[in-house]
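protein-v9.csv follows (CSV, C-alpha atoms):
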chain,number,residue,atom,x,y,z
A,1,MET,CA,-27.9,-107.5,-77.8
A,2,LEU,CA,-29.5,-104.2,-76.8
A,3,THR,CA,-32.7,-102.9,-78.6
A,4,ALA,CA,-35.3,-100.2,-78.1
A,5,GLY,CA,-37.9,-102.9,-78.7
A,6,LYS,CA,-39.7,-101.1,-81.5
A,7,ALA,CA,-39.3,-103.8,-84.1
A,8,LEU,CA,-39.7,-106.8,-81.8
A,9,SER,CA,-42.2,-109.4,-83.2
A,10,GLU,CA,-42.8,-113.1,-83.2
A,11,LYS,CA,-41.0,-113.4,-86.6
A,12,TRP,CA,-38.0,-111.5,-85.1
A,13,ILE,CA,-37.9,-113.8,-82.1
A,14,GLU,CA,-38.1,-116.9,-84.2
A,15,LYS,CA,-35.0,-115.7,-86.2
A,16,ALA,CA,-33.2,-114.8,-83.0
A,17,LYS,CA,-33.7,-118.3,-81.6
A,18,LYS,CA,-31.6,-119.6,-84.6
A,19,SER,CA,-28.9,-117.0,-84.2
A,20,ALA,CA,-25.7,-116.9,-82.1
A,21,LEU,CA,-27.5,-114.5,-79.7
A,22,SER,CA,-28.4,-115.8,-76.3
A,23,HIS,CA,-30.9,-113.1,-75.3
A,24,ALA,CA,-31.8,-109.5,-75.9
A,25,CYS,CA,-32.0,-106.5,-73.4
A,26,VAL,CA,-34.8,-104.1,-74.2
A,27,SER,CA,-34.4,-100.5,-73.2
A,28,LEU,CA,-37.5,-99.2,-71.4
A,29,GLU,CA,-38.6,-95.6,-70.9
A,30,ASN,CA,-39.8,-94.6,-67.4
A,31,PRO,CA,-43.4,-95.8,-67.7
A,32,LEU,CA,-44.6,-93.2,-65.2
A,33,ASN,CA,-42.9,-90.3,-66.9
A,34,PRO,CA,-41.8,-91.2,-70.4
A,35,ASP,CA,-40.0,-88.8,-72.8
A,36,PRO,CA,-42.2,-87.5,-75.6
A,37,GLY,CA,-41.4,-89.2,-78.9
A,38,ALA,CA,-39.7,-92.2,-77.2
A,39,PRO,CA,-41.0,-95.8,-77.8
A,40,ASN,CA,-44.2,-96.2,-75.9
A,41,PRO,CA,-43.2,-98.0,-72.6
A,42,GLN,CA,-46.6,-99.7,-72.3
A,43,LEU,CA,-46.2,-101.3,-75.8
A,44,VAL,CA,-42.6,-102.3,-75.0
A,45,LEU,CA,-43.8,-104.0,-71.8
A,46,GLU,CA,-46.5,-105.8,-73.6
A,47,LYS,CA,-44.0,-107.1,-76.2
A,48,ILE,CA,-41.7,-108.3,-73.4
A,49,ARG,CA,-44.6,-110.0,-71.6
A,50,THR,CA,-45.9,-111.8,-74.7
A,51,LEU,CA,-42.6,-112.6,-76.6
A,52,ASN,CA,-40.3,-113.5,-73.7
A,53,CYS,CA,-39.5,-117.2,-73.8
A,54,GLU,CA,-37.0,-119.7,-72.5
A,55,GLU,CA,-35.4,-120.3,-75.9
A,56,PHE,CA,-34.7,-116.5,-76.3
A,57,PRO,CA,-35.2,-114.5,-73.1
A,58,LEU,CA,-36.0,-110.8,-73.2
A,59,ARG,CA,-34.4,-108.9,-70.3
A,60,LEU,CA,-34.8,-105.3,-69.4
A,61,GLY,CA,-32.2,-102.8,-70.5
A,62,LEU,CA,-31.8,-99.4,-68.9
A,63,THR,CA,-34.6,-97.3,-67.6
A,64,VAL,CA,-33.3,-93.8,-67.1
A,65,VAL,CA,-35.0,-91.7,-64.4
A,66,ARG,CA,-34.9,-88.0,-63.8
A,67,ASN,CA,-34.0,-86.6,-60.4
A,68,GLN,CA,-37.6,-85.5,-59.8
A,69,ASP,CA,-38.7,-89.2,-60.3
A,70,PHE,CA,-36.5,-90.5,-57.4
A,71,SER,CA,-39.7,-90.3,-55.3
A,72,LYS,CA,-41.3,-92.8,-57.7
A,73,LEU,CA,-38.5,-95.4,-58.0
A,74,TYR,CA,-40.5,-98.0,-56.0
A,75,ASP,CA,-43.7,-97.3,-58.0
A,76,ILE,CA,-41.8,-97.7,-61.2
A,77,CYS,CA,-40.4,-101.1,-60.1
A,78,ASP,CA,-43.8,-102.2,-58.9
A,79,TYR,CA,-45.5,-101.2,-62.1
A,80,VAL,CA,-42.9,-103.0,-64.3
A,81,TYR,CA,-42.8,-106.0,-62.1
A,82,ARG,CA,-46.6,-106.4,-62.3
A,83,GLU,CA,-46.4,-106.1,-66.0
A,84,THR,CA,-43.5,-108.5,-66.7
A,85,GLY,CA,-42.4,-110.3,-63.5
A,86,LEU,CA,-39.0,-108.4,-64.0
A,87,LEU,CA,-37.5,-105.5,-62.2
A,88,PRO,CA,-36.3,-102.5,-64.3
A,89,ASN,CA,-32.7,-101.7,-64.6
A,90,LEU,CA,-32.8,-98.2,-63.2
A,91,ALA,CA,-30.1,-95.5,-63.9
A,92,GLU,CA,-29.7,-91.9,-63.2
A,93,ILE,CA,-29.2,-89.3,-65.9
A,94,ASN,CA,-25.5,-88.8,-66.1
A,95,TYR,CA,-22.7,-87.7,-68.4
A,96,ASP,CA,-23.2,-84.1,-69.8
A,97,LYS,CA,-26.9,-84.1,-68.9
A,98,PHE,CA,-26.3,-84.6,-65.2
A,99,VAL,CA,-28.2,-82.3,-62.9
A,100,VAL,CA,-27.2,-82.0,-59.2
A,101,PRO,CA,-30.0,-83.6,-57.1
A,102,THR,CA,-31.5,-81.5,-54.3
A,103,ASP,CA,-31.4,-82.6,-50.7
A,104,GLN,CA,-35.1,-83.7,-50.9
A,105,GLU,CA,-34.4,-85.7,-54.0
A,106,ILE,CA,-31.5,-87.5,-52.2
A,107,GLU,CA,-33.9,-88.2,-49.3
A,108,ASP,CA,-36.5,-89.6,-51.8
A,109,PHE,CA,-33.8,-91.7,-53.4
A,110,GLN,CA,-32.7,-93.3,-50.2
A,111,GLU,CA,-36.3,-94.0,-49.1
A,112,ASN,CA,-37.2,-95.7,-52.4
A,113,ILE,CA,-34.0,-97.7,-52.6
A,114,TYR,CA,-34.8,-99.1,-49.1
A,115,LYS,CA,-38.4,-100.0,-50.2
A,116,ILE,CA,-37.1,-101.8,-53.3
A,117,PHE,CA,-34.6,-103.9,-51.5
A,118,LYS,CA,-37.0,-104.5,-48.6
A,119,ARG,CA,-39.5,-106.0,-50.9
A,120,TRP,CA,-37.4,-107.9,-53.5
A,121,PHE,CA,-34.0,-108.7,-51.9
A,122,GLY,CA,-33.4,-112.4,-52.1
A,123,LYS,CA,-36.5,-112.9,-54.3
A,124,ASN,CA,-35.7,-111.3,-57.6
A,125,ARG,CA,-32.7,-110.0,-59.5
A,126,ILE,CA,-32.2,-106.4,-58.5
A,127,ASN,CA,-30.0,-104.5,-61.0
A,128,ILE,CA,-30.2,-100.8,-60.3
A,129,PHE,CA,-27.9,-97.8,-60.4
A,130,ALA,CA,-24.8,-99.7,-61.5
A,131,TYR,CA,-22.8,-96.4,-62.0
A,132,ILE,CA,-23.4,-95.6,-58.3
A,133,SER,CA,-23.0,-99.0,-56.6
A,134,PRO,CA,-21.6,-101.5,-59.0
A,135,GLU,CA,-20.7,-103.9,-56.1
A,136,ILE,CA,-24.4,-104.5,-55.5
A,137,TYR,CA,-25.2,-105.3,-59.1
A,138,ALA,CA,-27.1,-108.7,-58.9
A,139,ASP,CA,-25.8,-110.2,-62.1
A,140,HIS,CA,-22.3,-110.4,-60.7
A,141,GLY,CA,-23.1,-112.2,-57.4
A,142,GLY,CA,-22.0,-109.3,-55.2
A,143,THR,CA,-18.5,-108.9,-56.7
A,144,MET,CA,-17.3,-105.6,-58.0
A,145,SER,CA,-18.5,-105.2,-61.6
A,146,TYR,CA,-17.2,-102.8,-64.2
A,147,LEU,CA,-19.2,-101.8,-67.3
A,148,VAL,CA,-17.0,-102.3,-70.3
A,149,GLU,CA,-17.9,-100.5,-73.6
A,150,LEU,CA,-16.7,-102.4,-76.7
A,151,ASP,CA,-17.6,-100.0,-79.4
A,152,ILE,CA,-17.8,-100.8,-83.1
A,153,ASN,CA,-14.5,-99.0,-83.9
A,154,ASP,CA,-12.7,-101.9,-82.1
A,155,PRO,CA,-10.3,-99.7,-80.0
A,156,TYR,CA,-8.6,-102.8,-78.4
A,157,GLY,CA,-7.8,-104.4,-81.8
A,158,ILE,CA,-9.8,-107.6,-81.1
A,159,LYS,CA,-10.4,-108.3,-84.8
A,160,GLU,CA,-6.7,-108.2,-85.6
A,161,SER,CA,-5.3,-110.2,-82.7
A,162,ASN,CA,-5.5,-113.7,-81.4
A,163,ASP,CA,-3.6,-112.8,-78.3
A,164,TYR,CA,-6.6,-112.6,-76.0
A,165,ASP,CA,-4.5,-112.2,-72.8
A,166,GLN,CA,-3.0,-109.0,-74.4
A,167,ILE,CA,-6.5,-107.8,-75.3
A,168,ILE,CA,-7.8,-108.4,-71.7
A,169,ASN,CA,-4.8,-106.5,-70.3
A,170,LYS,CA,-5.5,-103.6,-72.7
A,171,ILE,CA,-9.1,-103.5,-71.5
A,172,ILE,CA,-8.1,-103.7,-67.8
A,173,ASN,CA,-5.6,-100.9,-68.2
A,174,PHE,CA,-8.1,-98.7,-70.0
A,175,GLN,CA,-10.7,-99.4,-67.2
A,176,GLU,CA,-8.2,-98.5,-64.5
A,177,ASN,CA,-6.7,-95.4,-66.1
A,178,CYS,CA,-9.6,-94.0,-68.1
A,179,SER,CA,-13.0,-95.6,-67.5
A,180,TYR,CA,-12.8,-96.1,-63.8
A,181,PRO,CA,-10.1,-93.8,-62.5
A,182,LYS,CA,-9.2,-93.3,-58.8
A,183,SER,CA,-11.5,-91.0,-57.1
A,184,ASN,CA,-9.0,-89.7,-54.6
A,185,CYS,CA,-11.9,-89.3,-52.1
A,186,PRO,CA,-10.6,-87.6,-48.9
A,187,GLU,CA,-13.2,-89.3,-46.6
A,188,THR,CA,-11.0,-92.1,-45.3
A,189,GLN,CA,-13.3,-92.8,-42.4
A,190,CYS,CA,-16.4,-93.4,-44.5
A,191,PRO,CA,-17.6,-97.0,-44.2
A,192,TRP,CA,-18.1,-97.1,-48.0
A,193,GLN,CA,-14.8,-95.5,-49.0
A,194,LYS,CA,-13.2,-98.8,-50.1
A,195,ASN,CA,-15.8,-99.2,-52.8
A,196,CYS,CA,-15.3,-95.7,-54.0
A,197,GLU,CA,-11.6,-96.0,-54.7
A,198,ARG,CA,-12.5,-96.1,-58.4
A,199,VAL,CA,-15.6,-94.5,-59.9
A,200,LYS,CA,-17.1,-94.3,-63.4
A,201,TRP,CA,-15.2,-91.5,-65.1
A,202,HIS,CA,-18.2,-89.2,-65.6
A,203,TRP,CA,-18.3,-88.6,-61.8
A,204,VAL,CA,-14.9,-86.9,-61.9
A,205,ALA,CA,-15.2,-85.3,-65.3
A,206,LYS,CA,-15.6,-81.7,-66.3
A,207,TYR,CA,-17.7,-81.1,-69.4
A,208,PRO,CA,-16.8,-77.9,-71.4
A,209,GLY,CA,-19.6,-75.4,-71.2
A,210,ASN,CA,-21.4,-77.3,-68.5
A,211,PRO,CA,-22.0,-75.3,-65.2
A,212,VAL,CA,-21.7,-78.5,-63.1
A,213,THR,CA,-18.1,-78.8,-62.0
A,214,LYS,CA,-16.4,-82.1,-61.4
A,215,GLU,CA,-16.4,-81.2,-57.7
A,216,MET,CA,-20.2,-80.8,-57.8
A,217,ARG,CA,-20.4,-84.1,-59.6
A,218,PHE,CA,-18.4,-86.1,-57.2
A,219,ASN,CA,-20.1,-84.5,-54.2
A,220,SER,CA,-23.4,-85.6,-55.7
A,221,TYR,CA,-22.0,-89.1,-56.3
A,222,CYS,CA,-20.9,-89.2,-52.7
A,223,LYS,CA,-24.4,-88.4,-51.4
A,224,LEU,CA,-26.1,-90.8,-53.8
A,225,LYS,CA,-23.6,-93.6,-52.8
A,226,LYS,CA,-24.1,-93.1,-49.1
A,227,SER,CA,-27.9,-93.0,-49.5
A,228,PHE,CA,-27.9,-96.1,-51.7
A,229,MET,CA,-25.6,-98.1,-49.4
A,230,THR,CA,-27.4,-97.0,-46.2
A,231,ALA,CA,-30.8,-98.0,-47.6
A,232,TYR,CA,-29.4,-101.3,-49.0
A,233,SER,CA,-27.8,-102.2,-45.7
A,234,MET,CA,-30.8,-101.4,-43.7
A,235,ALA,CA,-33.1,-103.5,-45.9
A,236,VAL,CA,-30.8,-106.5,-46.0
A,237,LEU,CA,-30.2,-106.5,-42.3
A,238,GLU,CA,-33.9,-106.3,-41.6
A,239,SER,CA,-34.6,-109.1,-44.0
A,240,GLN,CA,-32.2,-111.2,-41.9
A,241,GLY,CA,-33.9,-110.3,-38.7
A,242,VAL,CA,-31.2,-107.9,-37.5
A,243,ALA,CA,-32.4,-104.9,-35.6
A,244,VAL,CA,-31.1,-101.6,-37.1
Translate this file's structure into structure tokens.
Amino acid sequence: MLTAGKALSEKWIEKAKKSALSHACVSLENPLNPDPGAPNPQLVLEKIRTLNCEEFPLRLGLTVVRNQDFSKLYDICDYVYRETGLLPNLAEINYDKFVVPTDQEIEDFQENIYKIFKRWFGKNRINIFAYISPEIYADHGGTMSYLVELDINDPYGIKESNDYDQIINKIINFQENCSYPKSNCPETQCPWQKNCERVKWHWVAKYPGNPVTKEMRFNSYCKLKKSFMTAYSMAVLESQGVAV
């Protein structure tokens, strides 16, 4: 279950313990630069800290960060970790609100990704930027992970069918053809190219009326991917005593 955390309380948690739910993910605003009018991130963090329990764990949902906050990614993680003992689930602004990052923002992104993995790799679950590098997403043990949206309109007909193999095939077909289409990336010599054969659809989409073309989107994805994987690789190798 995903919640903004506004109504979390001891009474709510007690009810949740008796439900079919296993845990809740709580969305968190960037505590260093929150949106005006959004749930106060400090209050949300306090609720997570005081209400989280073994019988009904509270995990962190997305923390969306603006491009200008790429220079503060490590600070955001450090702040949330000190408050809750958990690392935030960071994500870039994407879809129709996507803004092309500057070269400096890409540089800040790589530097901070390196610092995050340098400090917490092998010690804490690190779930960050799943739309950029899903293969690193910690919850899936290093295997490629796809984010599947099962919306309330039941597009796969789950409620009407008991043929779950057929439903799974429908989901997989949709993922491959629509949700994670082939990127057709021309950089065949890139060391990360294999993991870019398919990308989340918004990286190759054109939004009507938006000045950011799909070519600009994919170029930005490419830069972010290379920065992420370079930083991740350096931090992991260094943690294993390998000179880089």
For Leu90 in chain A, find every residue with an atom within 7 Å (counting all atoms listed in the file), except residues of its own chain fewer than 3 positions away, and show them as a PyMOL selection string. chain A and resi 62-65+128-129
re CA of Glu111 in chain A and CA of Ala130 in chain A: distance 17.8 Å
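With distances restricted to all atoms listed in the file, A:Glu238 is the closest residue to Lys115 in chain A from A:Glu55, A:Glu29, A:Glu238, A:Glu10.
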Using all atoms listed in the file, collect all residues at a distance of at most 12 Å from (-44.2, -104.9, -57.2) as written in the file, then present them as a compact mmCIF listing (two decimals) with C-alpha atoms, keeping the file's coordinate frame.
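Produced file part_11.txt, reproduced below:
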# COMPACT_ATOMS: atom_id res chain seq x y z
CA LEU A 73 -38.50 -95.40 -58.00
CA TYR A 74 -40.50 -98.00 -56.00
CA ASP A 75 -43.70 -97.30 -58.00
CA ILE A 76 -41.80 -97.70 -61.20
CA CYS A 77 -40.40 -101.10 -60.10
CA ASP A 78 -43.80 -102.20 -58.90
CA TYR A 79 -45.50 -101.20 -62.10
CA VAL A 80 -42.90 -103.00 -64.30
CA TYR A 81 -42.80 -106.00 -62.10
CA ARG A 82 -46.60 -106.40 -62.30
CA GLU A 83 -46.40 -106.10 -66.00
CA THR A 84 -43.50 -108.50 -66.70
CA GLY A 85 -42.40 -110.30 -63.50
CA LEU A 86 -39.00 -108.40 -64.00
CA LEU A 87 -37.50 -105.50 -62.20
CA PRO A 88 -36.30 -102.50 -64.30
CA LYS A 115 -38.40 -100.00 -50.20
CA ILE A 116 -37.10 -101.80 -53.30
CA PHE A 117 -34.60 -103.90 -51.50
CA LYS A 118 -37.00 -104.50 -48.60
CA ARG A 119 -39.50 -106.00 -50.90
CA TRP A 120 -37.40 -107.90 -53.50
CA LYS A 123 -36.50 -112.90 -54.30
CA ASN A 124 -35.70 -111.30 -57.60
Do a neighbour search on Lys72 in chain A at 9 Å with all atoms listed in the file, toss out local chain neighbours closer than 5 positions, and write the hits as a list in words.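 Contacts, with the query itself left out: Leu32, Cys77, Asp108, Phe109 and Asn112 of chain A.
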Contact residues around range 14-27 of chain A with only C-alpha atoms at 9 Å, ignoring same-chain residues under 4 positions, as a list of chain:residue names: A:Met1, A:Leu2, A:Thr3, A:Ala4, A:Gly5, A:Ser9, A:Glu10, A:Val44, A:Ile48, A:Glu55, A:Phe56, A:Pro57, A:Leu58, A:Arg59, A:Leu60, A:Gly61, A:Leu62, A:Thr63, A:Asn89
For the residues in the current selection, export C-alpha atoms as a PDB file, in the frame of the given file.
ATOM      1  CA  MET A   1     -27.900-107.500 -77.800  1.00  0.00           C
ATOM      2  CA  LEU A   2     -29.500-104.200 -76.800  1.00  0.00           C
ATOM      3  CA  THR A   3     -32.700-102.900 -78.600  1.00  0.00           C
ATOM      4  CA  ALA A   4     -35.300-100.200 -78.100  1.00  0.00           C
ATOM      5  CA  GLY A   5     -37.900-102.900 -78.700  1.00  0.00           C
ATOM      6  CA  SER A   9     -42.200-109.400 -83.200  1.00  0.00           C
ATOM      7  CA  GLU A  10     -42.800-113.100 -83.200  1.00  0.00           C
ATOM      8  CA  VAL A  44     -42.600-102.300 -75.000  1.00  0.00           C
ATOM      9  CA  ILE A  48     -41.700-108.300 -73.400  1.00  0.00           C
ATOM     10  CA  GLU A  55     -35.400-120.300 -75.900  1.00  0.00           C
ATOM     11  CA  PHE A  56     -34.700-116.500 -76.300  1.00  0.00           C
ATOM     12  CA  PRO A  57     -35.200-114.500 -73.100  1.00  0.00           C
ATOM     13  CA  LEU A  58     -36.000-110.800 -73.200  1.00  0.00           C
ATOM     14  CA  ARG A  59     -34.400-108.900 -70.300  1.00  0.00           C
ATOM     15  CA  LEU A  60     -34.800-105.300 -69.400  1.00  0.00           C
ATOM     16  CA  GLY A  61     -32.200-102.800 -70.500  1.00  0.00           C
ATOM     17  CA  LEU A  62     -31.800 -99.400 -68.900  1.00  0.00           C
ATOM     18  CA  THR A  63     -34.600 -97.300 -67.600  1.00  0.00           C
ATOM     19  CA  ASN A  89     -32.700-101.700 -64.600  1.00  0.00           C
TER      20      ASN A  89
END
If I take CA of Asn162 in chain A and CA of Phe174 in chain A, how far is one from the other in Å, to one decimal?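 Taking CA of Asn162 in chain A as the start and CA of Phe174 in chain A as the end point, the length is 19.0 Å.
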